[in-house]
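K.L.:
Before anything else, here's the structure in question.
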Amino acid sequence: MNINYNFKFQDGRNIEFKVSGESSSPPQGEPLPAWVRLEHCQCSNCPLKPGDTPYCPAATEILPVVEAFQAEDAYQKVDVTVTDERRSYFKQTTLEEALRSLLGLKMATSGCPVLSELKPMALHHLPFANSDEFVMRSVGYYLLQQLFAKRNQQEADWDLKGLVERNQRLQLVNQALWQRIHAVCKGDSNLKALLNFFSMASSVSVSLESQLRKLQARMKGEG
C-alpha cells in the first residue's frame with residue numbers, strides 16, 4: 001500500500017503526505033505535544049494502557065497532518081491529487097473534505113486497535129467518498145467478512161448488528177480525537193474534517209436502516 005496526497009493551495013503552496021499502511025512510531029529524541037500522549041483525552045473504549053503504550057497510535061499517526069493544517073480555514077478551495085499503485089484521482093474541493101479523506105485513511109492504518117477495524121477498507125481506499133459511498137462500502141465489506149466467517153464454520157451476522165456496534169465504537173474514538181486536537185487548532189480545517197468523518201460513522205450506527213432503504217431505492221432506479 002502506497003498512497004500519496006498532494007494539496008495545492010490557491011496561493012501556490014504545495015503540501016504532500018504519503019501513507020504506506022504501516023503504523024508510525026513516535027519520533028525518537030523529539031518531544032511530542034501533550035495531546036498525543038495516550039492518557040490525554042483517552043478514548044473511553046481504548047484497550048491500551050499508558051504504561052505499555054505511552055502515545056496514542058492514532059494521534060501519533062495524524063500528528064503531522066494536524067500540525068501542517070492547524071491554522072487553515074476549512075472551506076478554502078484546494079486542488080488535491082491522490083495517487084496509488086493503480087490510478088490517480090483529482091478533485092478541486094474544500095480543504096475540509098480532502099482532510100477528512102486523508103485523516104480517515106491515516107487513522108485506519110495507525111495501529112489503533114479500534115480503528116484497525118477499518119483497515120480492510122483502507123487497503124482499497126476511495127478518496128473523497130461521500131456518505132452513500134461510505135455506507136455502501138462499509139456494508140459490502142462487512143457482508144464479505146460474514147461470508148468468509150460462514151465458510152469457516154463460524155456464525156455469520158447477516159443482520160448487520162456487528163456493523164452498527166463497530167461504528168458506535170468508531171464514534172467514541174473520533175469524539176476523543178476531536179477533543180485531543182481542539183485546543184491546538186487555530187483554524188477549523190482539522191476539526192471540521194473529523195466532525196465530517198464522525199457524521200459518516202454516525203450514519204451507519206444511528207440510521208443504518210434508513211440508509212439501506214435509500215440505497216435500495218437507488219438500486220431500483222427510484223431515487
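Each chain in the C-alpha cells gets a letter, A, B and so on, in the order shown; residues start at 1 in every chain, and ligands are counted from 1 in the order they appear.
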Please provide the set of residues having any atom within 12 Å of Thr81 in chain A, restricted to only C-alpha atoms, with same-chain residues fewer than 5 positions apart removed, written as a ChimeraX atom specification.
P.N.:
/A:3-9,14-18,87-93,98,101-102,127-128
K.L.:
Give me, as a list in words, the residues of range 4-189 of chain A that a backbone DSSP run labels strand (DSSP E).
P.N.:
Asn4, Tyr5, Asn6, Phe7, Lys8, Phe9, Asn14, Ile15, Glu16, Phe17, Lys18, Val19, Lys77, Val78, Asp79, Val80, Thr81, Val82, Thr83, Ser88, Tyr89, Phe90, Lys91, Gln92, Thr93 and Thr94 of chain A
K.L.:
Store the residues picked out above, limited to N, CA and C atoms, as a PDB file, in the first residue's frame.
P.N.:
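Now in result_22.pdb:
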ATOM      1  N   ASN A   4      -0.367   8.577  -2.073  1.00  0.00           N
ATOM      2  CA  ASN A   4       0.191   9.918  -1.955  1.00  0.00           C
ATOM      3  C   ASN A   4      -0.918  10.964  -2.103  1.00  0.00           C
ATOM      4  N   TYR A   5      -0.986  11.885  -1.160  1.00  0.00           N
ATOM      5  CA  TYR A   5      -1.918  13.016  -1.205  1.00  0.00           C
ATOM      6  C   TYR A   5      -1.133  14.293  -1.454  1.00  0.00           C
ATOM      7  N   ASN A   6      -1.480  15.022  -2.514  1.00  0.00           N
ATOM      8  CA  ASN A   6      -0.845  16.308  -2.801  1.00  0.00           C
ATOM      9  C   ASN A   6      -1.896  17.414  -2.758  1.00  0.00           C
ATOM     10  N   PHE A   7      -1.672  18.395  -1.885  1.00  0.00           N
ATOM     11  CA  PHE A   7      -2.571  19.534  -1.722  1.00  0.00           C
ATOM     12  C   PHE A   7      -1.933  20.756  -2.371  1.00  0.00           C
ATOM     13  N   LYS A   8      -2.636  21.358  -3.332  1.00  0.00           N
ATOM     14  CA  LYS A   8      -2.161  22.592  -3.950  1.00  0.00           C
ATOM     15  C   LYS A   8      -3.125  23.710  -3.582  1.00  0.00           C
ATOM     16  N   PHE A   9      -2.611  24.719  -2.872  1.00  0.00           N
ATOM     17  CA  PHE A   9      -3.421  25.842  -2.418  1.00  0.00           C
ATOM     18  C   PHE A   9      -3.477  26.936  -3.482  1.00  0.00           C
ATOM     19  N   ASN A  14       2.271  23.967  -1.867  1.00  0.00           N
ATOM     20  CA  ASN A  14       2.024  22.536  -2.049  1.00  0.00           C
ATOM     21  C   ASN A  14       2.393  21.795  -0.767  1.00  0.00           C
ATOM     22  N   ILE A  15       1.521  20.936  -0.308  1.00  0.00           N
ATOM     23  CA  ILE A  15       1.790  20.087   0.844  1.00  0.00           C
ATOM     24  C   ILE A  15       1.492  18.657   0.439  1.00  0.00           C
ATOM     25  N   GLU A  16       2.400  17.765   0.791  1.00  0.00           N
ATOM     26  CA  GLU A  16       2.271  16.380   0.344  1.00  0.00           C
ATOM     27  C   GLU A  16       2.400  15.410   1.518  1.00  0.00           C
ATOM     28  N   PHE A  17       1.585  14.356   1.493  1.00  0.00           N
ATOM     29  CA  PHE A  17       1.655  13.315   2.503  1.00  0.00           C
ATOM     30  C   PHE A  17       1.621  11.950   1.825  1.00  0.00           C
ATOM     31  N   LYS A  18       2.417  11.043   2.362  1.00  0.00           N
ATOM     32  CA  LYS A  18       2.448   9.670   1.861  1.00  0.00           C
ATOM     33  C   LYS A  18       1.933   8.741   2.949  1.00  0.00           C
ATOM     34  N   VAL A  19       1.104   7.787   2.576  1.00  0.00           N
ATOM     35  CA  VAL A  19       0.572   6.800   3.507  1.00  0.00           C
ATOM     36  C   VAL A  19       0.982   5.421   2.999  1.00  0.00           C
ATOM     37  N   LYS A  77     -10.655  26.549  -1.015  1.00  0.00           N
ATOM     38  CA  LYS A  77     -10.566  25.598  -2.114  1.00  0.00           C
ATOM     39  C   LYS A  77      -9.124  25.134  -2.306  1.00  0.00           C
ATOM     40  N   VAL A  78      -8.961  23.854  -2.542  1.00  0.00           N
ATOM     41  CA  VAL A  78      -7.651  23.279  -2.827  1.00  0.00           C
ATOM     42  C   VAL A  78      -7.780  22.293  -3.986  1.00  0.00           C
ATOM     43  N   ASP A  79      -6.694  22.139  -4.733  1.00  0.00           N
ATOM     44  CA  ASP A  79      -6.614  21.100  -5.757  1.00  0.00           C
ATOM     45  C   ASP A  79      -5.887  19.911  -5.132  1.00  0.00           C
ATOM     46  N   VAL A  80      -6.543  18.775  -5.101  1.00  0.00           N
ATOM     47  CA  VAL A  80      -5.977  17.606  -4.437  1.00  0.00           C
ATOM     48  C   VAL A  80      -5.824  16.474  -5.443  1.00  0.00           C
ATOM     49  N   THR A  81      -4.620  15.927  -5.503  1.00  0.00           N
ATOM     50  CA  THR A  81      -4.339  14.771  -6.340  1.00  0.00           C
ATOM     51  C   THR A  81      -3.943  13.612  -5.440  1.00  0.00           C
ATOM     52  N   VAL A  82      -4.632  12.503  -5.599  1.00  0.00           N
ATOM     53  CA  VAL A  82      -4.354  11.304  -4.809  1.00  0.00           C
ATOM     54  C   VAL A  82      -3.884  10.220  -5.774  1.00  0.00           C
ATOM     55  N   THR A  83      -2.717   9.660  -5.491  1.00  0.00           N
ATOM     56  CA  THR A  83      -2.126   8.661  -6.384  1.00  0.00           C
ATOM     57  C   THR A  83      -1.805   7.406  -5.596  1.00  0.00           C
ATOM     58  N   SER A  88      -4.782   7.483 -10.420  1.00  0.00           N
ATOM     59  CA  SER A  88      -4.751   8.793  -9.779  1.00  0.00           C
ATOM     60  C   SER A  88      -6.161   9.372  -9.725  1.00  0.00           C
ATOM     61  N   TYR A  89      -6.430  10.130  -8.672  1.00  0.00           N
ATOM     62  CA  TYR A  89      -7.704  10.825  -8.505  1.00  0.00           C
ATOM     63  C   TYR A  89      -7.400  12.311  -8.350  1.00  0.00           C
ATOM     64  N   PHE A  90      -8.258  13.140  -8.935  1.00  0.00           N
ATOM     65  CA  PHE A  90      -8.087  14.590  -8.777  1.00  0.00           C
ATOM     66  C   PHE A  90      -9.434  15.219  -8.449  1.00  0.00           C
ATOM     67  N   LYS A  91      -9.401  16.175  -7.518  1.00  0.00           N
ATOM     68  CA  LYS A  91     -10.622  16.902  -7.211  1.00  0.00           C
ATOM     69  C   LYS A  91     -10.279  18.296  -6.703  1.00  0.00           C
ATOM     70  N   GLN A  92     -10.996  19.295  -7.213  1.00  0.00           N
ATOM     71  CA  GLN A  92     -10.934  20.627  -6.608  1.00  0.00           C
ATOM     72  C   GLN A  92     -12.063  20.684  -5.591  1.00  0.00           C
ATOM     73  N   THR A  93     -11.716  20.835  -4.342  1.00  0.00           N
ATOM     74  CA  THR A  93     -12.701  20.716  -3.278  1.00  0.00           C
ATOM     75  C   THR A  93     -12.302  21.588  -2.103  1.00  0.00           C
ATOM     76  N   THR A  94     -13.074  21.495  -1.029  1.00  0.00           N
ATOM     77  CA  THR A  94     -12.708  22.217   0.188  1.00  0.00           C
ATOM     78  C   THR A  94     -11.613  21.454   0.921  1.00  0.00           C
TER      79      THR A  94
END
K.L.:
Identify which of the residues A:Ala58, A:Val206, A:Met200, A:Ala34 lies closest to Val114 in chain A, counting only C-alpha atoms when measuring atom-to-atom distances.
P.N.:
A:Ala58
K.L.:
Excluding Cys43 in chain A and its own-chain neighbours fewer than 5 positions away, which residues fall within 9 Å of it when counting only C-alpha atoms? Please give them as a list in words.
P.N.:
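These residues fall inside the cut-off: Leu38, Leu172, Val173, Asn174, Gln175, Ala176 and Leu177 of chain A.
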K.L.:
Do a neighbour search on Asp188 in chain A at 7 Å with only C-alpha atoms, toss out local chain neighbours closer than 4 positions, and write the hits as a compact mmCIF listing (two decimals) with all heavy atoms, in the first residue's frame.
P.N.:
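Ended up saving to part_18.txt:
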# COMPACT_ATOMS: atom_id res chain seq x y z
N GLU A 72 -5.35 26.45 9.19
CA GLU A 72 -6.01 26.66 7.90
C GLU A 72 -7.53 26.70 8.02
O GLU A 72 -8.13 26.05 8.88
CB GLU A 72 -5.62 25.54 6.93
CG GLU A 72 -4.13 25.44 6.62
CD GLU A 72 -3.64 26.59 5.76
OE1 GLU A 72 -4.48 27.30 5.19
OE2 GLU A 72 -2.42 26.76 5.66
N ASP A 73 -8.15 27.47 7.11
CA ASP A 73 -9.60 27.56 7.04
C ASP A 73 -10.16 26.33 6.32
O ASP A 73 -9.66 25.92 5.28
CB ASP A 73 -9.99 28.83 6.28
CG ASP A 73 -11.49 28.91 6.05
OD1 ASP A 73 -12.24 29.00 7.04
OD2 ASP A 73 -11.91 28.87 4.88
N ALA A 74 -11.22 25.77 6.90
CA ALA A 74 -11.77 24.51 6.40
C ALA A 74 -12.36 24.63 5.01
O ALA A 74 -12.33 23.66 4.24
CB ALA A 74 -12.84 23.99 7.38
N LYS A 192 -13.24 20.35 11.46
CA LYS A 192 -14.36 20.09 10.56
C LYS A 192 -14.21 18.73 9.87
O LYS A 192 -15.20 18.01 9.67
CB LYS A 192 -14.47 21.19 9.51
CG LYS A 192 -14.82 22.57 10.06
CD LYS A 192 -16.28 22.67 10.42
CE LYS A 192 -16.68 24.10 10.75
NZ LYS A 192 -18.09 24.21 11.19
K.L.:
Write out as an MDAnalysis selection string each polymer residue whose atoms come within 12 Å of Asp157 in chain A, counting only C-alpha atoms; drop sequence neighbours fewer than 5 positions from it.
P.N.:
chainID A and resid 139 142:150 162:165
K.L.:
Suppose we keep N, CA and C atoms; can you now write the selection as an mmCIF file, in the first residue's frame?
P.N.:
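Listing of selection-v2.cif after writing:
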data_model
loop_
_atom_site.group_PDB
_atom_site.id
_atom_site.type_symbol
_atom_site.label_atom_id
_atom_site.label_comp_id
_atom_site.auth_asym_id
_atom_site.auth_seq_id
_atom_site.Cartn_x
_atom_site.Cartn_y
_atom_site.Cartn_z
ATOM 1 N N VAL A 139 -21.014 -1.615 4.390
ATOM 2 C CA VAL A 139 -21.903 -2.780 4.378
ATOM 3 C C VAL A 139 -21.320 -3.882 3.500
ATOM 4 N N TYR A 142 -18.417 -5.594 5.233
ATOM 5 C CA TYR A 142 -18.875 -6.350 6.392
ATOM 6 C C TYR A 142 -19.550 -7.653 5.951
ATOM 7 N N LEU A 143 -20.380 -7.573 4.931
ATOM 8 C CA LEU A 143 -21.046 -8.781 4.441
ATOM 9 C C LEU A 143 -20.041 -9.781 3.869
ATOM 10 N N LEU A 144 -18.989 -9.276 3.249
ATOM 11 C CA LEU A 144 -17.947 -10.166 2.745
ATOM 12 C C LEU A 144 -17.256 -10.879 3.910
ATOM 13 N N GLN A 145 -17.033 -10.156 4.993
ATOM 14 C CA GLN A 145 -16.450 -10.782 6.182
ATOM 15 C C GLN A 145 -17.368 -11.869 6.741
ATOM 16 N N GLN A 146 -18.667 -11.639 6.679
ATOM 17 C CA GLN A 146 -19.617 -12.644 7.173
ATOM 18 C C GLN A 146 -19.637 -13.875 6.274
ATOM 19 N N LEU A 147 -19.485 -13.666 4.985
ATOM 20 C CA LEU A 147 -19.410 -14.795 4.052
ATOM 21 C C LEU A 147 -18.199 -15.667 4.370
ATOM 22 N N PHE A 148 -17.049 -15.028 4.596
ATOM 23 C CA PHE A 148 -15.846 -15.784 4.933
ATOM 24 C C PHE A 148 -16.010 -16.495 6.278
ATOM 25 N N ALA A 149 -16.688 -15.834 7.223
ATOM 26 C CA ALA A 149 -16.931 -16.464 8.522
ATOM 27 C C ALA A 149 -17.770 -17.733 8.345
ATOM 28 N N LYS A 150 -18.815 -17.630 7.542
ATOM 29 C CA LYS A 150 -19.689 -18.787 7.298
ATOM 30 C C LYS A 150 -18.918 -19.934 6.647
ATOM 31 N N GLY A 162 -23.391 -6.376 14.194
ATOM 32 C CA GLY A 162 -21.987 -6.114 14.493
ATOM 33 C C GLY A 162 -21.463 -4.871 13.799
ATOM 34 N N LEU A 163 -21.997 -4.575 12.612
ATOM 35 C CA LEU A 163 -21.573 -3.381 11.891
ATOM 36 C C LEU A 163 -22.010 -2.126 12.634
ATOM 37 N N VAL A 164 -23.223 -2.126 13.147
ATOM 38 C CA VAL A 164 -23.697 -0.988 13.934
ATOM 39 C C VAL A 164 -22.833 -0.812 15.172
ATOM 40 N N GLU A 165 -22.538 -1.915 15.860
ATOM 41 C CA GLU A 165 -21.708 -1.844 17.067
ATOM 42 C C GLU A 165 -20.304 -1.355 16.732
#
K.L.:
Could you give me, as an MDAnalysis selection string, each residue of range 52-118 of chain A that DSSP assigns to helix (DSSP H, G or I) when run on this structure's backbone?
P.N.:
chainID A and resid 57:69 95:108 115:118
K.L.:
Could you take the residues named above and write them with N, CA, C and O atoms, as a CSV table (one decimal), in the first residue's frame?
P.N.:
chain,number,residue,atom,x,y,z
A,57,PRO,N,-1.7,5.7,19.3
A,57,PRO,CA,-1.3,5.3,17.9
A,57,PRO,C,-2.0,6.2,16.9
A,57,PRO,O,-1.3,6.7,15.9
A,58,ALA,N,-3.3,6.5,17.1
A,58,ALA,CA,-4.0,7.3,16.1
A,58,ALA,C,-3.5,8.7,16.1
A,58,ALA,O,-3.3,9.4,15.1
A,59,ALA,N,-3.3,9.3,17.3
A,59,ALA,CA,-2.9,10.7,17.5
A,59,ALA,C,-1.5,10.8,16.9
A,59,ALA,O,-1.2,11.8,16.2
A,60,THR,N,-0.6,9.8,17.1
A,60,THR,CA,0.8,9.9,16.6
A,60,THR,C,0.7,9.9,15.1
A,60,THR,O,1.5,10.6,14.4
A,61,GLU,N,-0.2,9.1,14.5
A,61,GLU,CA,-0.2,9.0,13.0
A,61,GLU,C,-0.7,10.3,12.4
A,61,GLU,O,-0.2,10.7,11.3
A,62,ILE,N,-1.7,10.9,13.0
A,62,ILE,CA,-2.3,12.1,12.4
A,62,ILE,C,-1.5,13.4,12.8
A,62,ILE,O,-1.8,14.5,12.3
A,63,LEU,N,-0.6,13.3,13.7
A,63,LEU,CA,0.1,14.5,14.2
A,63,LEU,C,0.7,15.4,13.1
A,63,LEU,O,0.5,16.6,13.1
A,64,PRO,N,1.4,14.8,12.1
A,64,PRO,CA,2.0,15.7,11.1
A,64,PRO,C,0.9,16.4,10.3
A,64,PRO,O,1.1,17.6,9.9
A,65,VAL,N,-0.2,15.8,10.0
A,65,VAL,CA,-1.3,16.4,9.3
A,65,VAL,C,-1.9,17.5,10.1
A,65,VAL,O,-2.2,18.6,9.6
A,66,VAL,N,-2.2,17.2,11.4
A,66,VAL,CA,-2.8,18.2,12.2
A,66,VAL,C,-1.9,19.4,12.3
A,66,VAL,O,-2.4,20.6,12.2
A,67,GLU,N,-0.6,19.2,12.5
A,67,GLU,CA,0.3,20.4,12.6
A,67,GLU,C,0.4,21.1,11.3
A,67,GLU,O,0.5,22.4,11.3
A,68,ALA,N,0.4,20.5,10.2
A,68,ALA,CA,0.5,21.1,8.9
A,68,ALA,C,-0.7,22.0,8.6
A,68,ALA,O,-0.6,23.1,7.9
A,69,PHE,N,-1.9,21.6,9.0
A,69,PHE,CA,-3.1,22.3,8.7
A,69,PHE,C,-3.8,23.0,9.9
A,69,PHE,O,-4.9,23.5,9.7
A,95,LEU,N,-10.8,22.2,1.7
A,95,LEU,CA,-9.7,21.5,2.4
A,95,LEU,C,-10.3,20.6,3.4
A,95,LEU,O,-9.8,19.5,3.7
A,96,GLU,N,-11.5,20.9,4.0
A,96,GLU,CA,-12.2,20.0,4.9
A,96,GLU,C,-12.4,18.6,4.3
A,96,GLU,O,-12.2,17.6,5.0
A,97,GLU,N,-13.0,18.6,3.1
A,97,GLU,CA,-13.3,17.3,2.5
A,97,GLU,C,-12.1,16.5,2.2
A,97,GLU,O,-12.0,15.3,2.5
A,98,ALA,N,-11.0,17.2,1.7
A,98,ALA,CA,-9.8,16.5,1.4
A,98,ALA,C,-9.1,15.9,2.7
A,98,ALA,O,-8.6,14.8,2.7
A,99,LEU,N,-9.2,16.7,3.8
A,99,LEU,CA,-8.6,16.3,5.0
A,99,LEU,C,-9.3,15.1,5.6
A,99,LEU,O,-8.7,14.2,6.2
A,100,ARG,N,-10.7,15.1,5.5
A,100,ARG,CA,-11.5,14.0,6.0
A,100,ARG,C,-11.0,12.7,5.4
A,100,ARG,O,-10.9,11.7,6.0
A,101,SER,N,-10.7,12.8,4.1
A,101,SER,CA,-10.3,11.6,3.4
A,101,SER,C,-8.9,11.1,3.8
A,101,SER,O,-8.7,9.9,4.1
A,102,LEU,N,-8.0,12.1,4.0
A,102,LEU,CA,-6.7,11.7,4.4
A,102,LEU,C,-6.6,11.3,5.8
A,102,LEU,O,-6.0,10.3,6.1
A,103,LEU,N,-7.3,12.0,6.7
A,103,LEU,CA,-7.3,11.6,8.1
A,103,LEU,C,-7.9,10.3,8.3
A,103,LEU,O,-7.4,9.5,9.1
A,104,GLY,N,-9.0,10.0,7.6
A,104,GLY,CA,-9.7,8.7,7.7
A,104,GLY,C,-8.7,7.6,7.3
A,104,GLY,O,-8.7,6.5,8.0
A,105,LEU,N,-8.0,7.8,6.3
A,105,LEU,CA,-7.0,6.8,5.8
A,105,LEU,C,-5.9,6.6,6.8
A,105,LEU,O,-5.6,5.4,7.1
A,106,LYS,N,-5.4,7.7,7.4
A,106,LYS,CA,-4.3,7.5,8.3
A,106,LYS,C,-4.7,6.9,9.6
A,106,LYS,O,-4.0,6.1,10.2
A,107,MET,N,-5.9,7.2,10.1
A,107,MET,CA,-6.4,6.6,11.3
A,107,MET,C,-6.6,5.1,11.1
A,107,MET,O,-6.3,4.4,12.0
A,108,ALA,N,-7.2,4.7,10.0
A,108,ALA,CA,-7.5,3.3,9.8
A,108,ALA,C,-6.2,2.5,9.7
A,108,ALA,O,-6.2,1.3,10.0
A,115,LEU,N,-9.7,1.5,15.6
A,115,LEU,CA,-9.7,2.0,14.2
A,115,LEU,C,-9.2,0.9,13.2
A,115,LEU,O,-9.5,1.0,12.0
A,116,SER,N,-8.5,0.0,13.7
A,116,SER,CA,-7.9,-1.0,12.7
A,116,SER,C,-9.0,-1.9,12.1
A,116,SER,O,-8.8,-2.5,11.1
A,117,GLU,N,-10.2,-1.8,12.6
A,117,GLU,CA,-11.4,-2.5,12.0
A,117,GLU,C,-11.7,-1.9,10.6
A,117,GLU,O,-12.4,-2.5,9.8
A,118,LEU,N,-11.2,-0.7,10.4
A,118,LEU,CA,-11.4,0.0,9.1
A,118,LEU,C,-10.3,-0.3,8.1
A,118,LEU,O,-10.4,0.1,6.9
K.L.:
Using only C-alpha atoms, can you tell me which of A:Ala193, A:Val135, A:Leu160, A:Met121 comes closest to Ile181 in chain A?
P.N.:
A:Ala193
K.L.:
Nearest to Asp159 in chain A among A:Glu209, A:Ala183, A:Ser20, A:Ala129, with distances taken over only C-alpha atoms: which residue is it?
P.N.:
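Looking only at the distances to Asp159 in chain A, the closest residue turns out to be A:Glu209.
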K.L.:
Compare A:Cys56, A:Leu191, A:Val204, A:Ser131 by their minimum atom-to-atom distance to Tyr75 in chain A, counting only C-alpha atoms, and give me the closest one.
P.N.:
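Between A:Cys56, A:Leu191, A:Val204, A:Ser131, the residue approaching Tyr75 in chain A most closely is A:Leu191.
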K.L.:
So which residues touch His124 in chain A within 10 Å, counting only C-alpha atoms, skipping near sequence neighbours fewer than 5 positions away, as number ranges by chain?
P.N.:
A: 1, 84, 119, 137
K.L.:
Which distance in Å separates CA of Gly140 in chain A and CA of Ser44 in chain A, to one decimal?
P.N.:
28.2 Å
